[in-house]
$ cat protein-v6.txt   # compact mmCIF, C-alpha atoms and all ligand atoms
# COMPACT_ATOMS: atom_id res chain seq x y z
CA MET A 288 -71.96 21.85 -49.81
CA ARG A 289 -74.57 19.16 -50.17
CA SER A 290 -74.08 15.42 -50.27
CA ARG A 291 -74.09 13.69 -53.61
CA ASN A 292 -77.28 11.93 -52.72
CA LEU A 293 -79.15 15.14 -51.93
CA PHE A 294 -81.52 14.23 -54.67
CA VAL A 295 -82.74 10.84 -55.63
CA CYS A 296 -83.44 11.78 -59.17
CA ALA A 297 -86.15 9.95 -61.00
CA VAL A 298 -85.97 10.62 -64.71
CA ALA A 299 -89.45 9.76 -65.83
CA MET A 300 -90.84 10.38 -69.28
CA LEU A 301 -93.42 9.09 -71.69
CA GLY A 302 -92.36 5.55 -72.16
CA VAL A 303 -91.05 4.24 -68.85
CA MET A 304 -94.24 4.07 -66.88
CA LEU A 305 -95.92 0.69 -66.75
CA ARG A 306 -99.21 0.39 -64.97
CA SER A 307 -102.98 0.48 -65.21
CA GLU A 308 -104.43 2.42 -68.15
CA TRP A 309 -100.90 3.09 -69.33
CA LEU A 310 -100.50 -0.63 -70.03
CA ALA A 311 -103.57 -0.72 -72.29
CA PHE A 312 -102.46 2.51 -73.98
CA SER A 313 -98.92 1.30 -74.62
CA GLY A 314 -100.27 -2.03 -75.94
CA ARG A 315 -102.27 -0.14 -78.56
CA VAL A 316 -99.26 2.02 -79.38
CA TRP A 317 -97.13 -1.11 -79.85
CA MET A 318 -99.72 -2.54 -82.25
CA ARG A 319 -99.83 0.77 -84.12
CA ASP A 320 -96.04 0.83 -84.41
CA LEU A 321 -96.11 -2.59 -85.97
CA LEU A 322 -98.74 -1.60 -88.52
CA ILE A 323 -97.01 1.70 -89.30
CA ARG A 324 -93.74 -0.11 -89.98
CA ALA A 325 -95.55 -2.48 -92.32
CA ALA A 326 -97.43 0.36 -94.07
CA GLU A 327 -94.24 2.41 -94.47
CA ALA A 328 -92.33 -0.53 -95.89
CA ALA A 329 -95.10 -1.04 -98.46
CA ALA A 330 -95.53 2.64 -99.46
CA PRO A 331 -93.99 3.76 -102.75
CA PRO A 332 -91.72 6.84 -102.23
CA ALA A 333 -94.17 9.19 -104.00
CA VAL A 334 -96.93 8.13 -101.61
CA ARG A 335 -94.70 9.05 -98.68
CA VAL A 336 -94.18 12.56 -100.02
CA HIS A 337 -97.92 12.95 -100.68
CA GLU A 338 -98.64 11.79 -97.14
CA ILE A 339 -96.37 14.46 -95.68
CA VAL A 340 -98.02 17.20 -97.72
CA ALA A 341 -101.45 15.83 -96.84
CA GLY A 342 -100.52 16.27 -93.17
CA GLN A 343 -100.71 20.04 -93.69
CA ALA A 344 -104.23 19.80 -95.18
CA ARG A 345 -105.37 17.55 -92.34
CA ALA A 346 -103.96 19.97 -89.75
CA MET A 347 -105.65 22.92 -91.49
CA THR A 348 -108.94 20.99 -91.54
CA LEU A 349 -108.59 20.50 -87.79
CA PHE A 350 -107.95 24.23 -87.35
CA HIS A 351 -111.04 25.24 -89.38
CA LEU A 352 -113.32 22.75 -87.63
CA LEU A 353 -112.13 24.16 -84.30
CA ASN A 354 -112.29 27.78 -85.40
CA LEU A 355 -115.84 27.27 -86.72
CA GLY A 356 -116.87 25.76 -83.37
CA ILE A 357 -117.99 22.52 -85.05
CA PHE A 358 -116.71 20.19 -82.29
CA ASP A 359 -118.52 22.18 -79.58
CA GLU A 360 -121.65 22.36 -81.72
CA LEU A 361 -121.73 18.61 -82.30
CA ALA A 362 -121.10 17.96 -78.58
CA GLU A 363 -124.16 20.11 -77.76
CA LYS A 364 -126.51 19.01 -80.54
CA GLY A 365 -125.41 15.42 -81.17
CA PRO A 366 -125.25 14.07 -84.76
CA THR A 367 -126.19 16.85 -87.19
CA ALA A 368 -126.63 17.16 -90.95
CA CYS A 369 -123.52 18.90 -92.23
CA ARG A 370 -125.58 21.62 -93.98
CA GLU A 371 -127.06 22.57 -90.61
CA LEU A 372 -123.70 23.15 -88.98
CA GLY A 373 -122.68 26.71 -88.10
CA ARG A 374 -125.76 27.53 -85.98
CA GLY A 375 -127.49 29.19 -88.91
CA THR A 376 -124.66 31.64 -89.60
CA PHE A 377 -123.31 30.14 -92.84
CA SER A 378 -124.43 31.18 -96.30
CA GLU A 379 -125.43 28.49 -98.76
CA VAL A 380 -121.95 28.31 -100.24
CA GLY A 381 -120.45 28.56 -96.72
CA ALA A 382 -122.58 25.58 -95.67
CA SER A 383 -121.24 23.61 -98.64
CA PHE A 384 -117.67 24.45 -97.50
CA ALA A 385 -118.55 23.29 -93.98
CA CYS A 386 -119.80 20.00 -95.43
CA ARG A 387 -116.48 19.56 -97.17
CA TYR A 388 -114.55 20.30 -93.97
CA ALA A 389 -116.78 17.76 -92.21
CA ARG A 390 -115.92 15.23 -94.90
CA PHE A 391 -112.17 16.01 -94.59
CA GLY A 392 -112.56 15.74 -90.79
CA ALA A 393 -114.12 12.31 -91.22
CA GLY A 394 -111.16 11.33 -93.42
CA ALA A 395 -108.83 12.39 -90.61
CA GLY A 396 -110.76 10.35 -88.03
CA LEU A 397 -112.07 13.39 -86.12
CA LEU A 398 -115.68 13.06 -87.27
CA GLU A 399 -117.84 10.18 -88.34
CA ARG A 400 -120.35 10.24 -91.22
CA LEU A 401 -123.44 8.30 -90.21
CA ALA A 402 -125.64 6.29 -92.56
CA ASN A 403 -128.41 8.95 -92.43
CA GLY A 404 -125.95 11.56 -93.75
CA SER A 405 -125.34 13.41 -90.50
CA VAL A 406 -121.94 13.84 -88.85
CA ALA A 407 -120.93 12.97 -85.29
CA LEU A 408 -117.85 13.22 -83.09
CA THR A 409 -115.39 10.34 -82.92
CA GLU A 410 -113.41 9.70 -79.70
CA ALA A 411 -110.58 11.87 -81.08
CA GLY A 412 -113.12 14.58 -82.01
CA LYS A 413 -114.46 14.59 -78.44
CA LEU A 414 -110.98 15.58 -77.20
CA LEU A 415 -111.36 18.81 -79.17
CA VAL A 416 -114.54 19.96 -77.42
CA SER A 417 -113.77 23.03 -75.27
CA ASN A 418 -115.24 21.72 -72.04
CA HIS A 419 -113.93 18.15 -72.30
CA PRO A 420 -112.03 17.49 -69.02
CA THR A 421 -108.84 16.76 -70.98
CA SER A 422 -109.56 19.01 -73.94
CA MET A 423 -106.71 19.42 -76.44
CA ARG A 424 -108.38 22.40 -78.12
CA ASP A 425 -106.00 25.13 -76.92
CA TYR A 426 -102.96 22.98 -77.64
CA VAL A 427 -104.11 22.79 -81.26
CA MET A 428 -105.05 26.47 -81.47
CA ILE A 429 -101.64 27.70 -80.34
CA LYS A 430 -100.00 25.81 -83.18
CA PHE A 431 -101.99 27.97 -85.61
CA ASP A 432 -101.07 31.23 -83.93
CA GLN A 433 -99.44 33.57 -86.46
CA ARG A 434 -96.39 34.11 -84.22
CA TYR A 435 -95.73 30.37 -84.02
CA TYR A 436 -96.18 30.05 -87.74
CA GLU A 437 -93.70 32.90 -88.44
CA SER A 438 -91.27 31.47 -85.91
CA GLU A 439 -91.34 27.97 -87.36
CA ARG A 440 -91.08 29.21 -90.94
CA ARG A 441 -88.22 31.64 -90.36
CA VAL A 442 -85.98 29.63 -88.05
CA GLY A 443 -84.97 27.24 -90.82
CA GLU A 444 -84.31 29.89 -93.49
CA PRO A 445 -80.89 29.66 -95.15
CA SER A 446 -79.90 33.15 -93.92
CA ASN A 447 -80.49 32.10 -90.32
CA LEU A 448 -78.61 28.85 -90.67
CA ALA A 449 -75.70 30.63 -92.37
CA ALA A 450 -75.49 33.35 -89.69
CA ARG A 451 -72.55 33.23 -87.29
CA GLU A 452 -75.07 33.05 -84.46
CA PRO A 453 -78.42 31.71 -85.70
CA LYS A 454 -81.43 32.97 -83.78
CA SER A 455 -84.30 31.09 -82.27
CA GLY A 456 -87.59 31.11 -84.17
CA PHE A 457 -89.32 33.36 -81.68
CA LYS A 458 -86.48 35.86 -81.63
CA LEU A 459 -86.76 36.10 -85.42
CA ALA A 460 -90.55 36.36 -85.39
CA THR A 461 -91.05 38.73 -82.45
CA GLY A 462 -87.64 40.22 -81.59
CA LEU A 463 -87.78 38.57 -78.16
CA GLU A 464 -87.04 35.12 -76.79
CA PHE A 465 -90.11 32.98 -76.14
CA PHE A 466 -90.61 33.44 -72.38
CA ASP A 467 -89.65 37.16 -72.57
CA TYR A 468 -92.19 37.64 -75.32
CA MET A 469 -94.83 35.92 -73.19
CA LYS A 470 -94.41 38.63 -70.54
CA THR A 471 -95.27 41.33 -73.09
CA ALA A 472 -98.24 39.58 -74.71
CA PRO A 473 -100.90 38.42 -72.23
CA ASP A 474 -103.07 36.98 -75.02
CA PHE A 475 -100.20 34.76 -76.12
CA ALA A 476 -99.35 33.81 -72.51
CA ASP A 477 -102.98 32.79 -71.85
CA LEU A 478 -103.13 30.70 -75.00
CA PHE A 479 -99.75 29.08 -74.28
CA ASP A 480 -100.67 28.23 -70.68
CA ALA A 481 -104.01 26.77 -71.77
CA GLY A 482 -102.25 24.93 -74.59
CA MET A 483 -99.72 23.38 -72.20
CA GLN A 484 -102.57 22.28 -69.98
CA GLY A 485 -104.30 20.65 -72.94
CA PHE A 486 -101.11 19.01 -74.18
CA SER A 487 -100.37 17.75 -70.71
CA ALA A 488 -103.80 16.57 -69.61
CA ALA A 489 -103.48 12.92 -70.57
CA VAL A 490 -99.83 12.82 -69.45
CA ASP A 491 -100.69 14.23 -66.00
CA ARG A 492 -103.11 11.36 -65.37
CA VAL A 493 -100.45 8.81 -66.26
CA ILE A 494 -97.85 10.48 -64.04
CA VAL A 495 -100.20 10.51 -61.05
CA ALA A 496 -101.14 6.88 -61.65
CA ASP A 497 -97.53 5.80 -61.89
CA TYR A 498 -95.55 8.06 -59.59
CA GLU A 499 -96.36 7.61 -55.91
CA VAL A 500 -95.75 10.24 -53.26
CA SER A 501 -96.30 9.83 -49.53
CA PRO A 502 -99.91 10.67 -48.54
CA SER A 503 -99.09 13.87 -46.64
CA ALA A 504 -96.19 15.03 -48.82
CA THR A 505 -95.60 18.62 -49.81
CA VAL A 506 -95.52 18.35 -53.57
CA CYS A 507 -93.94 21.22 -55.49
CA ASP A 508 -93.97 22.01 -59.18
CA VAL A 509 -91.31 24.41 -60.45
CA GLY A 510 -92.38 25.97 -63.75
CA GLY A 511 -95.73 24.28 -63.19
CA GLY A 512 -97.71 26.58 -65.53
CA THR A 513 -101.41 26.64 -64.67
CA GLY A 514 -100.84 24.05 -61.90
CA HIS A 515 -102.52 21.22 -63.80
CA LEU A 516 -100.06 18.49 -62.74
CA LEU A 517 -100.13 19.66 -59.12
CA ALA A 518 -103.94 19.72 -59.14
CA SER A 519 -103.96 16.09 -60.35
CA PHE A 520 -101.75 15.12 -57.39
CA LEU A 521 -103.82 17.07 -54.85
CA GLN A 522 -106.95 15.40 -56.21
CA GLU A 523 -105.38 11.96 -55.74
CA TYR A 524 -103.80 12.70 -52.32
CA PRO A 525 -106.32 14.56 -50.10
CA LYS A 526 -103.77 15.10 -47.31
CA ALA A 527 -100.95 16.35 -49.53
CA ARG A 528 -100.05 20.02 -49.84
CA GLY A 529 -98.90 21.72 -53.03
CA ILE A 530 -96.66 24.62 -53.98
CA LEU A 531 -96.75 26.06 -57.49
CA PHE A 532 -93.70 28.01 -58.63
CA ASP A 533 -93.82 29.90 -61.90
CA GLN A 534 -93.37 33.38 -63.31
CA ASP A 535 -95.40 36.15 -61.71
CA GLU A 536 -98.04 36.35 -64.46
CA GLN A 537 -98.54 32.57 -64.60
CA VAL A 538 -98.91 32.30 -60.83
CA LYS A 539 -101.44 35.17 -60.77
CA ALA A 540 -103.45 33.53 -63.55
CA ALA A 541 -103.29 30.14 -61.81
CA LEU A 542 -104.59 31.71 -58.63
CA GLN A 543 -107.49 33.37 -60.45
CA LYS A 544 -108.64 30.69 -62.83
CA GLY A 545 -106.39 27.62 -62.84
CA PRO A 546 -107.24 24.01 -61.94
CA LEU A 547 -105.70 24.48 -58.47
CA ARG A 548 -108.58 26.70 -57.35
CA PRO A 549 -110.56 23.85 -55.73
CA PHE A 550 -107.43 23.02 -53.69
CA ALA A 551 -106.58 26.62 -52.74
CA GLU A 552 -106.47 25.97 -48.99
CA ARG A 553 -103.78 23.29 -49.51
CA THR A 554 -101.77 25.24 -52.08
CA GLN A 555 -99.20 28.00 -52.05
CA PHE A 556 -98.53 30.07 -55.17
CA VAL A 557 -94.99 31.40 -55.40
CA ALA A 558 -93.89 33.88 -58.07
CA THR A 559 -90.44 32.73 -59.16
CA ASN A 560 -87.63 33.45 -61.51
CA PHE A 561 -85.72 30.20 -61.48
CA PHE A 562 -82.59 31.97 -62.71
CA GLU A 563 -82.43 33.65 -59.32
CA THR A 564 -82.42 32.35 -55.74
CA LEU A 565 -85.66 30.48 -55.09
CA SER A 566 -87.99 31.32 -52.22
CA PRO A 567 -87.14 29.77 -48.81
CA VAL A 568 -90.47 27.88 -48.98
CA THR A 569 -88.69 25.54 -51.40
CA ALA A 570 -87.15 23.98 -48.29
CA THR A 571 -90.62 22.67 -47.32
CA CYS A 572 -90.92 20.57 -50.50
CA ASP A 573 -90.68 16.79 -50.14
CA VAL A 574 -90.92 16.24 -53.89
CA ILE A 575 -90.08 18.81 -56.55
CA PHE A 576 -91.39 18.23 -60.06
CA MET A 577 -89.96 19.99 -63.06
CA LYS A 578 -91.89 18.91 -66.09
CA TRP A 579 -90.74 19.95 -69.54
CA ILE A 580 -88.46 22.66 -68.14
CA VAL A 581 -84.93 21.43 -68.91
CA HIS A 582 -85.80 20.99 -72.61
CA ASP A 583 -86.65 24.72 -72.87
CA TRP A 584 -83.05 25.73 -72.26
CA GLY A 585 -79.46 25.24 -73.42
CA ASP A 586 -77.04 23.36 -71.18
CA GLU A 587 -75.70 26.35 -69.27
CA ASP A 588 -79.14 27.70 -68.42
CA ALA A 589 -80.47 24.25 -67.55
CA VAL A 590 -77.57 23.70 -65.13
CA GLN A 591 -78.16 27.12 -63.57
CA ILE A 592 -81.85 26.38 -63.02
CA LEU A 593 -81.14 22.98 -61.48
CA ARG A 594 -78.45 24.47 -59.24
CA ASN A 595 -80.83 27.15 -58.02
CA VAL A 596 -83.48 24.55 -57.21
CA ALA A 597 -80.89 22.34 -55.48
CA ALA A 598 -79.59 25.26 -53.43
CA ALA A 599 -83.07 26.10 -52.11
CA ALA A 600 -84.23 22.53 -51.45
CA LEU A 601 -83.88 20.58 -48.26
CA PRO A 602 -81.29 17.76 -48.27
CA GLY A 603 -83.20 14.54 -48.88
CA ALA A 604 -85.89 16.12 -51.02
CA THR A 605 -86.61 14.36 -54.30
CA LEU A 606 -86.32 16.13 -57.64
CA VAL A 607 -88.27 14.54 -60.46
CA LEU A 608 -87.58 15.68 -64.00
CA PHE A 609 -90.11 14.79 -66.66
CA GLU A 610 -88.60 15.10 -70.10
CA MET A 611 -89.19 13.74 -73.58
CA THR A 612 -86.03 11.64 -73.50
CA LEU A 613 -84.96 10.66 -77.02
CA ASP A 614 -83.96 7.15 -78.14
CA VAL A 615 -85.67 5.13 -75.45
CA ASP A 616 -89.05 4.26 -77.01
CA GLY A 617 -90.75 2.79 -80.06
CA PRO A 618 -91.47 4.74 -83.26
CA SER A 619 -94.78 6.36 -82.15
CA PHE A 620 -93.24 7.99 -79.11
CA GLU A 621 -90.00 8.82 -80.84
CA ARG A 622 -92.04 10.52 -83.58
CA LEU A 623 -93.88 12.59 -81.00
CA LYS A 624 -90.62 13.50 -79.29
CA HIS A 625 -89.10 14.62 -82.58
CA VAL A 626 -92.12 16.85 -83.08
CA THR A 627 -91.56 18.45 -79.65
CA ASP A 628 -87.87 18.79 -80.54
CA PHE A 629 -89.03 20.67 -83.65
CA TYR A 630 -91.05 22.99 -81.37
CA MET A 631 -87.92 23.61 -79.30
CA LEU A 632 -86.49 25.52 -82.29
CA ASN A 633 -88.89 28.31 -81.25
CA LEU A 634 -87.09 28.61 -77.93
CA PRO A 635 -83.67 30.03 -77.02
CA VAL A 636 -80.86 28.41 -79.00
CA GLY A 637 -79.70 25.29 -77.14
CA ALA A 638 -83.24 24.25 -76.12
CA ARG A 639 -83.81 20.70 -77.32
CA GLU A 640 -84.99 17.25 -76.43
CA ARG A 641 -82.08 15.28 -75.08
CA THR A 642 -80.95 11.68 -74.84
CA LEU A 643 -79.92 10.30 -71.46
CA ALA A 644 -76.28 10.64 -72.52
CA ASP A 645 -76.57 14.34 -73.44
CA PRO A 646 -75.49 17.11 -71.12
CA PRO A 647 -76.56 18.21 -68.59
CA ARG A 648 -76.88 14.47 -67.82
CA HIS A 649 -79.98 15.25 -65.81
CA CYS A 650 -79.60 15.71 -62.13
CA PHE A 651 -77.09 12.97 -61.34
CA ALA A 652 -74.43 14.98 -63.11
CA ILE A 653 -75.85 18.27 -61.89
CA ASP A 654 -75.78 17.07 -58.33
CA SER A 655 -72.16 15.99 -58.47
CA GLN A 656 -71.14 19.23 -60.20
CA TYR A 657 -73.00 21.06 -57.51
CA SER A 658 -71.34 19.06 -54.73
CA GLU A 659 -67.93 19.79 -56.09
C1 LIG B 701 -92.92 24.28 -71.32
S1 LIG B 701 -93.75 25.09 -70.01
C2 LIG B 701 -94.05 23.71 -68.92
C3 LIG B 701 -95.23 23.96 -68.04
C4 LIG B 701 -95.63 22.75 -67.19
N1 LIG B 701 -94.53 22.28 -66.37
C5 LIG B 701 -96.14 21.62 -68.06
O1 LIG B 701 -95.50 20.57 -68.13
O2 LIG B 701 -97.19 21.78 -68.68
C6 LIG B 701 -92.42 25.95 -69.19
C7 LIG B 701 -92.84 26.72 -67.94
O3 LIG B 701 -91.68 27.38 -67.40
C8 LIG B 701 -92.08 28.65 -66.94
N2 LIG B 701 -90.90 29.55 -66.89
C9 LIG B 701 -90.21 30.05 -67.95
N3 LIG B 701 -89.22 30.85 -67.53
C10 LIG B 701 -89.29 30.85 -66.17
C11 LIG B 701 -88.51 31.49 -65.16
N4 LIG B 701 -87.47 32.28 -65.48
N5 LIG B 701 -88.83 31.27 -63.86
C12 LIG B 701 -89.89 30.45 -63.56
N6 LIG B 701 -90.66 29.81 -64.47
C13 LIG B 701 -90.35 30.03 -65.77
C14 LIG B 701 -93.10 29.09 -67.95
O4 LIG B 701 -93.91 30.16 -67.48
C15 LIG B 701 -93.88 27.81 -68.21
O5 LIG B 701 -94.96 27.67 -67.34

$ encode --input "protein-v6.txt" --output "structure tokens" --more "lines below"
Ligand SMILES: C[S@@+](CC[C@H](N)C(=O)[O-])C[C@H]1O[C@@H](n2cnc3c(N)ncnc32)[C@H](O)[C@@H]1O
Amino acid sequence: MRSRNLFVCAVAMLGVMLRSEWLAFSGRVWMRDLLIRAAEAAAPPAVRVHEIVAGQARAMTLFHLLNLGIFDELAEKGPTACRELGRGTFSEVGASFACRYARFGAGAGLLERLANGSVALTEAGKLLVSNHPTSMRDYVMIKFDQRYYESERRVGEPSNLAAREPKSGFKLATGLEFFDYMKTAPDFADLFDAGMQGFSAAVDRVIVADYEVSPSATVCDVGGGTGHLLASFLQEYPKARGILFDQDEQVKAALQKGPLRPFAERTQFVATNFFETLSPVTATCDVIFMKWIVHDWGDEDAVQILRNVAAAALPGATLVLFEMTLDVDGPSFERLKHVTDFYMLNLPVGARERTLADPPRHCFAIDSQYSE
């Protein structure tokens, strides 16, 4: 039996952190929200529908520019005439298509068309270069994976919604739930892990800037993927130690090629199934992060995971959940959170973004259930 205050639970998410670069970022988001509200109020209904459909063309443009290697090429060569893109591999007609994609990319703010007719990367375009330190390339690529596409298309079909027990998108598309499928498809697992790292890169920096740990803390990340968040902490705190917990395959990959490699002598890698008893090393954690884990599961599973972590942790350790908590931010963030909630339809039924009032009421409620 553990005391109710075993965990001081900090529920942090995009939107409650207020310092440094975050302040400048959120100021720009606030301004954008204001302009979006004004633009939406002024848009005739038909324009709204066109805008939604145009979103698909813009996303497909982004996919083709990535798939053709245009962002990497422009990063290497600098501004280039659109007909010279493709490193000499495009036919004449192919080159004319590439010019059109470059023009669409400029329309989407990913590329810039210079006065001399060449194209260059914008700041958003630079984030899509493979070797950018916070590259979002793999995050974008996974969204165009055929399995994701099938999953997202089929989950909302009338037959699924009318079924007594509707299935998750991934179950429909692959026959397996998302994380079970990952174990059978290393190519998908690699892409997903890299995609999570890309999606998370900017967020990790904000978390490290805004969440302080003691200088020699043992910082743990349960379900930490490639170890990107942990690596950001170990970079910031040279005396801290880190422990990465994730599934066997993820931990092996993190050990071989993840961002924790430069910190290997301060890091432990622990293969974990968080539905079972966690390793006794959990008791050495001062702070335990679980970022974007609870949203992957229904209430019962989420409670089980949190109980398992609580049971293995030392009394007094801090558990920090990072979630996309709904209904606490302005339109830009709420929009983003509704998109991630849409992605949750790929995962086992019950997975979803939650409000603070939703079960499992994050760890305050979990802790008291556990204590009782
Ligand atoms: C949505 S990802 C979040 C990754 C990382 N925390 C981040 O924010 O980028 C969920 C993570 O949970 C891990 N996971 C899924 N099922 C697990 C299990 N049964 N035991 C341990 N980890 C698991 C996955 O491998 C994946 O790395």

$ closest_atom_pairs --input "protein-v6.txt" --of "chain A" --to "ligand LIG 701 (chain B)" --cutoff "7 Å" --atoms "all atoms listed in the file" --output "CSV"
residue,atom,partner,partner_atom,distance
A:Phe466,CA,B:LIG701,C9,5.6
A:Asp480,CA,B:LIG701,O5,6.6
A:Met483,CA,B:LIG701,O2,4.6
A:Gln484,CA,B:LIG701,O2,5.6
A:Ser487,CA,B:LIG701,O2,5.5
A:Val509,CA,B:LIG701,N6,6.8
A:Gly510,CA,B:LIG701,O3,4.0
A:Gly511,CA,B:LIG701,N1,3.9
A:Gly512,CA,B:LIG701,O5,3.5
A:Phe532,CA,B:LIG701,C12,6.7
A:Asp533,CA,B:LIG701,N6,4.1
A:Gln534,CA,B:LIG701,C12,4.6
A:Gln537,CA,B:LIG701,O4,6.0
A:Thr559,CA,B:LIG701,C12,5.0
A:Asn560,CA,B:LIG701,N5,3.4
A:Phe561,CA,B:LIG701,N5,4.1
A:Phe562,CA,B:LIG701,N4,5.6
A:Met577,CA,B:LIG701,N1,6.1
A:Lys578,CA,B:LIG701,N1,4.3
A:Trp579,CA,B:LIG701,O1,5.0
A:Ile580,CA,B:LIG701,C6,5.3
A:Asp583,CA,B:LIG701,C1,6.5

$ closest_residue --input "protein-v6.txt" --among "A:Gln591, A:His515, A:Asp508, A:Ala326" --to "A:Leu606" --atoms "only C-alpha atoms"
A:Asp508

$ closest_residue --input "protein-v6.txt" --among "A:Cys369, A:Leu547, A:Ile575, A:Met423" --to "A:Leu521" --atoms "all atoms listed in the file"
A:Leu547

$ residues_near_point --input "protein-v6.txt" --point "(-88.4, 27.6, -78.2)" --cutoff "7 Å" --atoms "all atoms listed in the file" --output "JSON, numbers by chain"
{"A": [455, 456, 457, 465, 583, 630, 631, 632, 633, 634, 635, 638]}

$ residues_around --input "protein-v6.txt" --residues "stretch 565-574 of chain A" --least-positions-apart "4" --cutoff "10 Å" --atoms "all atoms listed in the file" --output "VMD selection string"
chain A and resid 294 to 295 500 to 501 503 to 509 528 to 530 532 555 557 to 561 592 595 to 607

$ closest_residue --input "protein-v6.txt" --among "A:Lys458, A:Gly392, A:Asp535, A:Pro420" --to "A:Ser438" --atoms "all atoms listed in the file"
A:Lys458

$ atom_distance --input "protein-v6.txt" --atom1 "atom CA of A:Gly545" --atom2 "atom CA of A:Lys526"
20.1 Å

$ atom_distance --input "protein-v6.txt" --atom1 "atom CA of A:Arg492" --atom2 "atom CA of A:Leu593"
25.2 Å

$ residues_near_point --input "protein-v6.txt" --point "(-115.8, 16.7, -78.4)" --cutoff "10 Å" --atoms "all atoms listed in the file" --output "list in words"
Ile357, Phe358, Asp359, Glu360, Leu361, Ala362, Glu363, Leu397, Leu398, Ala407, Leu408, Thr409, Glu410, Ala411, Gly412, Lys413, Leu414, Leu415, Val416, Ser417, Asn418, His419, Ser422, Met423 and Arg424 of chain A

$ residues_around --input "protein-v6.txt" --residues "A:Tyr468" --least-positions-apart "4" --cutoff "12 Å" --atoms "all atoms listed in the file" --output "list in words"
Arg434, Tyr435, Gly456, Phe457, Lys458, Leu459, Ala460, Thr461, Gly462, Leu463, Glu464, Ala472, Pro473, Asp474, Phe475, Ala476, Phe479, Asn633, Leu634 and Pro635 of chain A
